[in-house]
file coords_21.txt (compact mmCIF, C-alpha atoms)
# COMPACT_ATOMS: atom_id res chain seq x y z
CA MET J 1 -25.32 -21.67 -55.90
CA ASN J 2 -28.54 -19.66 -55.66
CA LYS J 3 -30.53 -19.15 -58.82
CA ARG J 4 -30.87 -15.67 -60.28
CA ILE J 5 -34.44 -14.40 -59.93
CA LEU J 6 -36.67 -12.61 -62.43
CA ILE J 7 -40.10 -11.37 -61.32
CA VAL J 8 -42.99 -10.38 -63.56
CA THR J 9 -45.71 -8.77 -61.43
CA GLN J 10 -48.37 -9.24 -64.10
CA ASP J 11 -50.50 -12.11 -65.38
CA ILE J 12 -48.91 -12.55 -68.79
CA GLY J 13 -50.17 -16.01 -69.75
CA ASP J 14 -48.35 -19.22 -70.59
CA GLU J 15 -47.15 -18.13 -74.03
CA TYR J 16 -45.12 -15.16 -72.80
CA THR J 17 -44.01 -16.94 -69.64
CA GLN J 18 -42.53 -19.67 -71.84
CA LYS J 19 -40.79 -17.13 -74.10
CA ILE J 20 -39.06 -15.62 -71.08
CA LYS J 21 -38.14 -19.06 -69.72
CA GLU J 22 -36.46 -19.91 -73.01
CA LEU J 23 -34.09 -16.97 -72.55
CA VAL J 24 -33.38 -17.63 -68.85
CA PRO J 25 -33.76 -21.40 -68.43
CA ASP J 26 -31.51 -21.50 -65.37
CA TRP J 27 -33.21 -18.60 -63.57
CA GLU J 28 -36.09 -18.76 -61.12
CA LEU J 29 -39.01 -17.08 -62.87
CA ILE J 30 -41.83 -15.72 -60.69
CA VAL J 31 -44.96 -14.61 -62.55
CA GLY J 32 -48.23 -13.30 -61.14
CA LYS J 33 -50.13 -10.16 -60.24
CA GLU J 34 -50.92 -11.00 -56.61
CA LYS J 35 -48.51 -9.65 -54.03
CA ASP J 36 -48.19 -12.94 -52.16
CA ILE J 37 -46.75 -14.52 -55.33
CA TRP J 38 -43.81 -12.14 -55.81
CA ALA J 39 -43.27 -10.41 -52.45
CA PRO J 40 -41.21 -13.26 -50.89
CA TYR J 41 -38.72 -13.00 -53.77
CA ALA J 42 -38.56 -9.20 -54.16
CA ASN J 43 -35.41 -8.64 -52.13
CA LYS J 44 -33.47 -11.28 -54.09
CA ALA J 45 -34.73 -10.44 -57.58
CA GLU J 46 -32.21 -9.26 -60.15
CA ILE J 47 -34.87 -8.19 -62.67
CA ILE J 48 -38.42 -7.00 -62.01
CA ALA J 49 -40.93 -6.38 -64.81
CA GLY J 50 -43.91 -4.37 -63.60
CA TRP J 51 -43.30 -1.97 -60.74
CA LYS J 52 -45.59 -1.98 -57.72
CA LYS J 53 -45.58 0.57 -54.90
CA ASP J 54 -44.80 -2.12 -52.31
CA LEU J 55 -41.59 -3.00 -54.13
CA GLU J 56 -39.84 0.15 -52.91
CA GLU J 57 -39.78 -1.17 -49.34
CA LEU J 58 -39.24 -4.79 -50.35
CA SER J 59 -36.47 -4.43 -52.91
CA LEU J 60 -34.64 -1.13 -52.43
CA ASP J 61 -32.55 -1.62 -49.33
CA GLY J 62 -28.83 -2.20 -48.85
CA ARG J 63 -29.14 -5.93 -49.49
CA SER J 64 -31.04 -5.57 -52.74
CA GLU J 65 -29.82 -7.54 -55.74
CA LEU J 66 -32.03 -5.62 -58.15
CA ARG J 67 -30.27 -4.47 -61.33
CA TRP J 68 -33.04 -3.74 -63.84
CA VAL J 69 -36.69 -2.68 -63.64
CA GLN J 70 -39.02 -2.83 -66.63
CA ALA J 71 -41.92 -0.48 -65.95
CA TRP J 72 -45.37 -1.56 -67.14
CA SER J 73 -46.33 2.01 -68.00
CA ALA J 74 -44.92 4.70 -70.26
CA GLY J 75 -44.85 7.26 -67.46
CA VAL J 76 -42.42 6.62 -64.62
CA ASN J 77 -43.04 9.77 -62.57
CA THR J 78 -44.73 7.83 -59.73
CA MET J 79 -41.69 5.57 -59.27
CA PRO J 80 -38.87 6.30 -56.77
CA LEU J 81 -36.49 7.49 -59.48
CA ASP J 82 -33.88 8.99 -57.15
CA LYS J 83 -33.67 5.80 -55.13
CA LEU J 84 -33.49 3.59 -58.20
CA ASN J 85 -30.76 5.80 -59.62
CA SER J 86 -28.75 5.85 -56.38
CA HIS J 87 -28.84 2.04 -56.30
CA GLY J 88 -27.49 1.91 -59.85
CA ILE J 89 -30.61 0.18 -61.15
CA VAL J 90 -31.39 0.43 -64.85
CA LEU J 91 -34.96 1.44 -65.66
CA THR J 92 -36.84 0.93 -68.93
CA SER J 93 -40.35 2.18 -69.65
CA ALA J 94 -43.27 0.89 -71.70
CA ASN J 95 -43.09 3.89 -74.00
CA GLY J 96 -44.52 3.13 -77.44
CA VAL J 97 -46.98 0.49 -76.28
CA HIS J 98 -49.72 3.10 -76.21
CA ALA J 99 -49.18 4.85 -79.54
CA TYR J 100 -52.12 3.22 -81.34
CA PRO J 101 -54.77 3.13 -78.58
CA ILE J 102 -54.01 6.61 -77.25
CA SER J 103 -53.86 8.23 -80.67
CA GLU J 104 -57.21 6.59 -81.44
CA THR J 105 -58.61 8.01 -78.19
CA ILE J 106 -57.27 11.47 -79.04
CA ILE J 107 -58.92 11.47 -82.46
CA GLY J 108 -62.06 9.97 -80.93
CA LEU J 109 -62.31 12.79 -78.38
CA MET J 110 -61.65 15.41 -81.05
CA LEU J 111 -64.35 13.95 -83.29
CA ALA J 112 -66.83 13.56 -80.43
CA LEU J 113 -66.40 17.17 -79.29
CA THR J 114 -66.48 18.52 -82.85
CA ARG J 115 -69.50 16.51 -83.99
CA LYS J 116 -71.20 16.60 -80.56
CA ILE J 117 -71.41 12.83 -80.28
CA HIS J 118 -71.41 13.05 -76.47
CA THR J 119 -74.37 15.43 -76.63
CA TYR J 120 -76.31 13.09 -78.88
CA VAL J 121 -75.64 10.14 -76.57
CA LYS J 122 -77.18 12.12 -73.71
CA ASN J 123 -80.11 13.10 -75.91
CA GLN J 124 -80.64 9.47 -76.88
CA GLN J 125 -80.85 8.48 -73.22
CA GLU J 126 -83.59 11.12 -72.81
CA ARG J 127 -85.32 10.11 -76.10
CA LYS J 128 -84.74 13.67 -77.21
CA TRP J 129 -84.55 14.57 -80.93
CA HIS J 130 -82.52 17.79 -81.10
CA HIS J 131 -79.93 19.18 -83.53
CA ALA J 132 -77.82 20.60 -80.65
CA HIS J 133 -76.50 23.34 -82.99
CA MET J 134 -73.83 21.01 -84.36
CA ASN J 135 -71.92 22.63 -87.25
CA LEU J 136 -68.16 22.11 -86.80
CA GLU J 137 -65.77 19.84 -88.66
CA MET J 138 -62.11 18.90 -88.21
CA HIS J 139 -60.94 18.97 -91.82
CA GLY J 140 -58.57 21.82 -92.58
CA LYS J 141 -58.20 22.87 -88.93
CA THR J 142 -54.93 23.22 -86.99
CA ILE J 143 -53.85 20.80 -84.28
CA GLY J 144 -51.04 21.55 -81.87
CA ILE J 145 -49.44 18.40 -80.44
CA ILE J 146 -47.60 19.29 -77.25
CA GLY J 147 -45.09 16.47 -76.86
CA VAL J 148 -44.20 14.75 -80.12
CA GLY J 149 -43.01 11.32 -79.07
CA GLU J 150 -44.42 7.95 -80.12
CA ILE J 151 -48.00 8.96 -79.30
CA GLY J 152 -47.68 12.44 -80.75
CA SER J 153 -46.17 11.12 -83.98
CA GLU J 154 -49.00 8.64 -84.49
CA THR J 155 -51.55 11.35 -83.71
CA ALA J 156 -49.94 13.61 -86.31
CA LYS J 157 -50.25 10.85 -88.92
CA LEU J 158 -53.95 10.39 -88.15
CA ALA J 159 -54.55 14.15 -88.16
CA LYS J 160 -53.14 14.32 -91.67
CA ALA J 161 -55.88 11.92 -92.80
CA PHE J 162 -58.30 14.74 -91.88
CA GLY J 163 -56.30 17.26 -93.91
CA MET J 164 -55.23 19.06 -90.76
CA ARG J 165 -52.33 21.45 -90.33
CA VAL J 166 -50.10 19.94 -87.67
CA LEU J 167 -47.90 21.94 -85.30
CA GLY J 168 -45.68 20.14 -82.81
CA VAL J 169 -43.77 20.92 -79.64
CA ARG J 170 -40.87 18.78 -78.49
CA HIS J 171 -37.82 19.37 -76.32
CA SER J 172 -35.34 19.00 -79.17
CA GLY J 173 -37.38 20.89 -81.75
CA LYS J 174 -36.31 18.21 -84.24
CA ALA J 175 -38.46 17.88 -87.37
CA GLU J 176 -40.94 15.01 -87.54
CA GLU J 177 -42.83 13.38 -90.40
CA ASN J 178 -46.45 14.58 -90.64
CA VAL J 179 -45.69 17.66 -88.52
CA ASP J 180 -45.76 20.84 -90.61
CA ARG J 181 -43.77 22.90 -88.15
CA MET J 182 -41.96 22.02 -84.95
CA TYR J 183 -41.38 24.24 -81.94
CA THR J 184 -39.51 23.95 -78.65
CA PRO J 185 -41.27 24.25 -75.25
CA ASP J 186 -40.14 27.86 -74.78
CA GLU J 187 -42.10 28.69 -77.96
CA LEU J 188 -45.36 27.20 -76.63
CA HIS J 189 -47.04 30.59 -76.39
CA GLN J 190 -46.45 31.14 -80.12
CA VAL J 191 -48.20 27.86 -80.92
CA LEU J 192 -51.36 28.11 -78.79
CA PRO J 193 -53.09 31.04 -80.58
CA GLU J 194 -52.86 29.16 -83.90
CA CYS J 195 -54.51 25.93 -82.76
CA ASP J 196 -58.09 24.76 -83.05
CA TYR J 197 -57.13 21.67 -81.04
CA VAL J 198 -54.40 21.54 -78.39
CA VAL J 199 -53.35 18.00 -77.53
CA ILE J 200 -51.14 17.34 -74.50
CA THR J 201 -49.10 14.14 -74.79
CA LEU J 202 -46.28 15.09 -72.43
CA PRO J 203 -44.78 13.09 -69.56
CA LEU J 204 -44.92 14.66 -66.10
CA THR J 205 -41.56 16.19 -65.19
CA PRO J 206 -40.51 19.22 -63.13
CA GLU J 207 -40.54 21.19 -66.40
CA THR J 208 -44.07 20.15 -67.44
CA PHE J 209 -45.67 20.37 -63.97
CA GLN J 210 -48.54 22.90 -64.20
CA MET J 211 -47.35 24.02 -67.64
CA PHE J 212 -50.93 24.93 -68.59
CA GLY J 213 -52.83 27.52 -66.61
CA GLU J 214 -54.84 30.71 -66.98
CA LYS J 215 -52.23 32.41 -69.17
CA GLU J 216 -52.11 29.51 -71.63
CA PHE J 217 -55.90 29.18 -71.81
CA LYS J 218 -56.21 32.91 -72.59
CA LEU J 219 -53.74 32.46 -75.44
CA MET J 220 -55.85 29.71 -76.97
CA LYS J 221 -58.72 30.47 -79.35
CA LYS J 222 -62.14 30.72 -77.72
CA SER J 223 -63.23 28.17 -80.32
CA SER J 224 -60.45 25.69 -79.46
CA PHE J 225 -60.63 22.30 -77.77
CA LEU J 226 -58.10 20.94 -75.27
CA ILE J 227 -57.26 17.23 -75.12
CA ASN J 228 -55.12 15.90 -72.25
CA ILE J 229 -53.92 12.30 -72.19
CA GLY J 230 -50.53 13.11 -70.59
CA ARG J 231 -50.79 13.66 -66.85
CA GLY J 232 -53.33 15.64 -64.88
CA GLU J 233 -50.71 17.67 -63.02
CA ILE J 234 -49.55 19.26 -66.27
CA ILE J 235 -52.69 21.40 -66.05
CA LYS J 236 -53.75 23.74 -63.25
CA GLU J 237 -57.12 22.08 -62.95
CA GLU J 238 -58.97 24.85 -61.13
CA GLU J 239 -57.91 27.33 -63.80
CA LEU J 240 -59.04 24.92 -66.52
CA VAL J 241 -62.47 24.75 -64.88
CA VAL J 242 -62.72 28.54 -65.00
CA ALA J 243 -61.60 28.64 -68.64
CA LEU J 244 -64.31 26.11 -69.55
CA GLN J 245 -66.99 27.85 -67.50
CA THR J 246 -66.25 31.32 -68.90
CA GLY J 247 -65.86 30.26 -72.52
CA GLU J 248 -62.13 31.02 -72.63
CA ILE J 249 -61.90 27.72 -74.54
CA LYS J 250 -64.73 25.81 -76.17
CA GLY J 251 -64.33 22.38 -74.61
CA ALA J 252 -62.06 19.60 -73.39
CA GLY J 253 -61.49 15.87 -73.61
CA LEU J 254 -59.76 14.72 -70.43
CA ASP J 255 -58.34 11.29 -69.64
CA VAL J 256 -56.09 12.33 -66.75
CA PHE J 257 -56.58 14.45 -63.66
CA SER J 258 -54.63 16.00 -60.79
CA LYS J 259 -56.24 13.55 -58.39
CA GLU J 260 -57.51 10.18 -59.56
CA PRO J 261 -60.20 9.00 -59.41
CA LEU J 262 -61.62 12.43 -60.24
CA GLU J 263 -63.47 13.61 -57.16
CA VAL J 264 -67.25 13.40 -57.39
CA GLU J 265 -67.47 17.06 -56.36
CA SER J 266 -65.49 18.22 -59.40
CA PRO J 267 -67.51 20.59 -61.61
CA LEU J 268 -65.93 18.92 -64.65
CA TRP J 269 -68.43 16.04 -64.32
CA ASP J 270 -71.40 18.29 -65.06
CA MET J 271 -70.00 20.30 -67.95
CA ASP J 272 -71.69 19.79 -71.31
CA ASN J 273 -68.49 20.83 -73.10
CA VAL J 274 -66.29 18.21 -71.39
CA ILE J 275 -65.79 14.51 -72.09
CA ILE J 276 -64.21 12.51 -69.26
CA THR J 277 -62.50 9.13 -69.60
CA PRO J 278 -61.04 7.41 -66.51
CA HIS J 279 -57.35 7.25 -67.48
CA THR J 280 -58.11 4.50 -69.98
CA SER J 281 -56.73 5.98 -73.21
CA GLY J 282 -53.84 3.50 -73.23
CA SER J 283 -55.95 0.41 -72.68
CA THR J 284 -55.59 -2.17 -75.43
CA GLU J 285 -55.99 -5.87 -76.07
CA TYR J 286 -52.35 -5.93 -77.22
CA TYR J 287 -50.78 -4.37 -74.12
CA THR J 288 -48.98 -7.44 -72.76
CA LYS J 289 -47.91 -8.54 -76.23
CA ARG J 290 -46.27 -5.19 -76.95
CA VAL J 291 -44.52 -4.85 -73.60
CA ILE J 292 -43.10 -8.38 -73.72
CA GLU J 293 -42.35 -8.80 -77.43
CA ASN J 294 -41.37 -5.25 -78.40
CA ILE J 295 -39.55 -4.11 -75.28
CA PHE J 296 -38.81 -6.66 -72.58
CA LEU J 297 -37.56 -9.65 -74.59
CA PRO J 298 -35.22 -7.63 -76.86
CA ASN J 299 -33.85 -5.82 -73.82
CA LEU J 300 -33.46 -9.10 -71.93
CA VAL J 301 -31.28 -10.51 -74.73
CA HIS J 302 -28.98 -7.49 -74.42
CA TYR J 303 -28.99 -7.65 -70.63
CA LEU J 304 -27.89 -11.27 -70.64
CA ASP J 305 -25.07 -10.35 -73.03
CA GLY J 306 -23.94 -7.57 -70.70
CA LYS J 307 -24.87 -4.87 -73.22
CA GLN J 308 -26.71 -1.58 -72.76
CA LEU J 309 -30.46 -1.96 -73.09
CA PRO J 310 -31.51 -0.55 -76.48
CA THR J 311 -35.21 0.12 -75.94
CA ASN J 312 -36.84 2.78 -73.72
CA LEU J 313 -33.91 3.32 -71.37
CA VAL J 314 -35.00 6.00 -68.91
CA ASP J 315 -32.74 9.01 -68.42
CA TYR J 316 -32.97 9.74 -64.70
CA THR J 317 -31.88 13.35 -65.23
CA LYS J 318 -34.88 13.95 -67.52
CA GLY J 319 -37.37 11.74 -65.70
CA TYR J 320 -38.39 9.81 -68.82

call {"tool": "encode", "arguments": {"input": "coords_21.txt", "output": "structure tokens"}}
result
Amino acid sequence: MNKRILIVTQDIGDEYTQKIKELVPDWELIVGKEKDIWAPYANKAEIIAGWKKDLEELSLDGRSELRWVQAWSAGVNTMPLDKLNSHGIVLTSANGVHAYPISETIIGLMLALTRKIHTYVKNQQERKWHHAHMNLEMHGKTIGIIGVGEIGSETAKLAKAFGMRVLGVRHSGKAEENVDRMYTPDELHQVLPECDYVVITLPLTPETFQMFGEKEFKLMKKSSFLINIGRGEIIKEEELVVALQTGEIKGAGLDVFSKEPLEVESPLWDMDNVIITPHTSGSTEYYTKRVIENIFLPNLVHYLDGKQLPTNLVDYTKGY
């Protein structure tokens, strides 16, 4: 009888490899980031943790034995969702792994733009002693968190430490701790004029694609800052450039872009009122630990018992 196969397409270290082995001692466990390690087993794998683009061709044909995929990212919009769904494959995301690092990045970008830290770093490199007309502070201002999930909730908690008024937008409109008032997406235009900071923490779905454009930027205060750590395609990037160039909004902290890497020709690189990070807001020393211990292992226990996976089960109809 052939052994059941579980693939982890990441270098997770001996500790976590052993923890998985303890749950599936009779399975063949394949662990490693390099394609030549896992590719020969892809078509026979029952479980794959860590989706790679090459896996679509290797593991999604009529002979596939794949039953469950654990994504290594919170967003799953780049995965072949329709194909996975049609094959009856369960998908779980890494949602929640990023709540601490991304919320820290959000607050860091807000602070840097408000207190002109990025300007002072440039001045330091030029040995230039200049006040840079810095006079803003975050305390008492209003933040609008567009997408109150794990990341948005943690951001709201941190914003409260600055005495901020917190407005939130989520699909359900359900109340959330540390959010003063919650709205639904169709009320977005009511929220934007009230915000000094607009923070996008949404997944990319057909509903959120190009949600922000010229109309939304005109609704925002001219003194407001935009932070985007969701997905670049949520924003009409060319219209954002115009809004920043014309002073429609005051500045932006951007971790994600329509095309990545951000093209060298993009005018965003040269803007004094923009801080760019290269899609690194979720990076953390605890990434593997959180994916394995908080999501994958608990789900694996349920999978082996034939039960529905309790953590981060993706709804294919919603795309997250």

call {"tool": "closest_residue", "arguments": {"input": "coords_21.txt", "among": "J:Met164, J:Leu136, J:His118, J:Asn77", "to": "J:Pro206", "atoms": "only C-alpha atoms"}}
result
J:Asn77

call {"tool": "closest_residue", "arguments": {"input": "coords_21.txt", "among": "J:Ile48, J:Leu91, J:Ile275, J:Ile200", "to": "J:Val31", "atoms": "all atoms listed in the file"}}
result
J:Ile48

call {"tool": "residues_near_point", "arguments": {"input": "coords_21.txt", "point": "(-35.4, -20.5, -63.3)", "cutoff": "12 Å", "atoms": "all atoms listed in the file", "output": "JSON, numbers by chain"}}
result
{"J": [2, 3, 4, 5, 6, 7, 17, 18, 20, 21, 22, 23, 24, 25, 26, 27, 28, 29, 30, 31, 45]}

call {"tool": "closest_residue", "arguments": {"input": "coords_21.txt", "among": "J:Pro193, J:Gly32, J:Gly96, J:Pro203", "to": "J:Lys218", "atoms": "only C-alpha atoms"}}
result
J:Pro193

call {"tool": "atom_distance", "arguments": {"input": "coords_21.txt", "atom1": "atom CA of J:Val242", "atom2": "atom CA of J:Asn273"}}
result
12.6 Å

call {"tool": "closest_residue", "arguments": {"input": "coords_21.txt", "among": "J:Asp180, J:Glu46, J:Asp196, J:Asp255", "to": "J:Thr105", "atoms": "all atoms listed in the file"}}
result
J:Asp255

call {"tool": "atom_distance", "arguments": {"input": "coords_21.txt", "atom1": "atom CA of J:Val274", "atom2": "atom CA of J:Gly251"}}
result
5.6 Å

call {"tool": "atom_distance", "arguments": {"input": "coords_21.txt", "atom1": "atom CA of J:Glu177", "atom2": "atom CA of J:Ile234"}}
result
25.7 Å

call {"tool": "residues_around", "arguments": {"input": "coords_21.txt", "residues": "J:His98", "least_positions_apart": "2", "cutoff": "8 Å", "atoms": "only C-alpha atoms", "output": "ChimeraX atom specification"}}
result
/J:74,95-96,100-103,151,282-284,287

call {"tool": "residues_around", "arguments": {"input": "coords_21.txt", "residues": "J:Leu226", "least_positions_apart": "6", "cutoff": "8 Å", "atoms": "only C-alpha atoms", "output": "PyMOL selection string"}}
result
chain J and resi 197-200+249+251-253

call {"tool": "residues_around", "arguments": {"input": "coords_21.txt", "residues": "J:Met79", "least_positions_apart": "6", "cutoff": "12 Å", "atoms": "all atoms listed in the file", "output": "list in words"}}
result
Gly50, Trp51, Lys52, Lys53, Asp54, Leu55, Glu56, Leu60, Val69, Gln70, Ala71, Trp72, Ser73, Asn85, Leu91, Thr92, Ser93, Leu204, Val314, Tyr316, Gly319 and Tyr320 of chain J

call {"tool": "closest_residue", "arguments": {"input": "coords_21.txt", "among": "J:Gly163, J:His139, J:Val76, J:Ile106", "to": "J:Leu254", "atoms": "only C-alpha atoms"}}
result
J:Ile106

call {"tool": "residues_near_point", "arguments": {"input": "coords_21.txt", "point": "(-66.9, 32.4, -72.1)", "cutoff": "12 Å", "atoms": "all atoms listed in the file", "output": "list in words"}}
result
Phe217, Lys218, Lys221, Lys222, Ser223, Ser224, Val241, Val242, Ala243, Leu244, Gln245, Thr246, Gly247, Glu248, Ile249, Lys250, Gly251 and Asn273 of chain J

call {"tool": "write_last_selection", "arguments": {"input": "coords_21.txt", "atoms": "C-alpha atoms", "output": "mmCIF file, in the coordinates of the input"}}
result
data_model
loop_
_atom_site.group_PDB
_atom_site.id
_atom_site.type_symbol
_atom_site.label_atom_id
_atom_site.label_comp_id
_atom_site.auth_asym_id
_atom_site.auth_seq_id
_atom_site.Cartn_x
_atom_site.Cartn_y
_atom_site.Cartn_z
ATOM 1 C CA PHE J 217 -55.900 29.180 -71.810
ATOM 2 C CA LYS J 218 -56.210 32.910 -72.590
ATOM 3 C CA LYS J 221 -58.720 30.470 -79.350
ATOM 4 C CA LYS J 222 -62.140 30.720 -77.720
ATOM 5 C CA SER J 223 -63.230 28.170 -80.320
ATOM 6 C CA SER J 224 -60.450 25.690 -79.460
ATOM 7 C CA VAL J 241 -62.470 24.750 -64.880
ATOM 8 C CA VAL J 242 -62.720 28.540 -65.000
ATOM 9 C CA ALA J 243 -61.600 28.640 -68.640
ATOM 10 C CA LEU J 244 -64.310 26.110 -69.550
ATOM 11 C CA GLN J 245 -66.990 27.850 -67.500
ATOM 12 C CA THR J 246 -66.250 31.320 -68.900
ATOM 13 C CA GLY J 247 -65.860 30.260 -72.520
ATOM 14 C CA GLU J 248 -62.130 31.020 -72.630
ATOM 15 C CA ILE J 249 -61.900 27.720 -74.540
ATOM 16 C CA LYS J 250 -64.730 25.810 -76.170
ATOM 17 C CA GLY J 251 -64.330 22.380 -74.610
ATOM 18 C CA ASN J 273 -68.490 20.830 -73.100
#
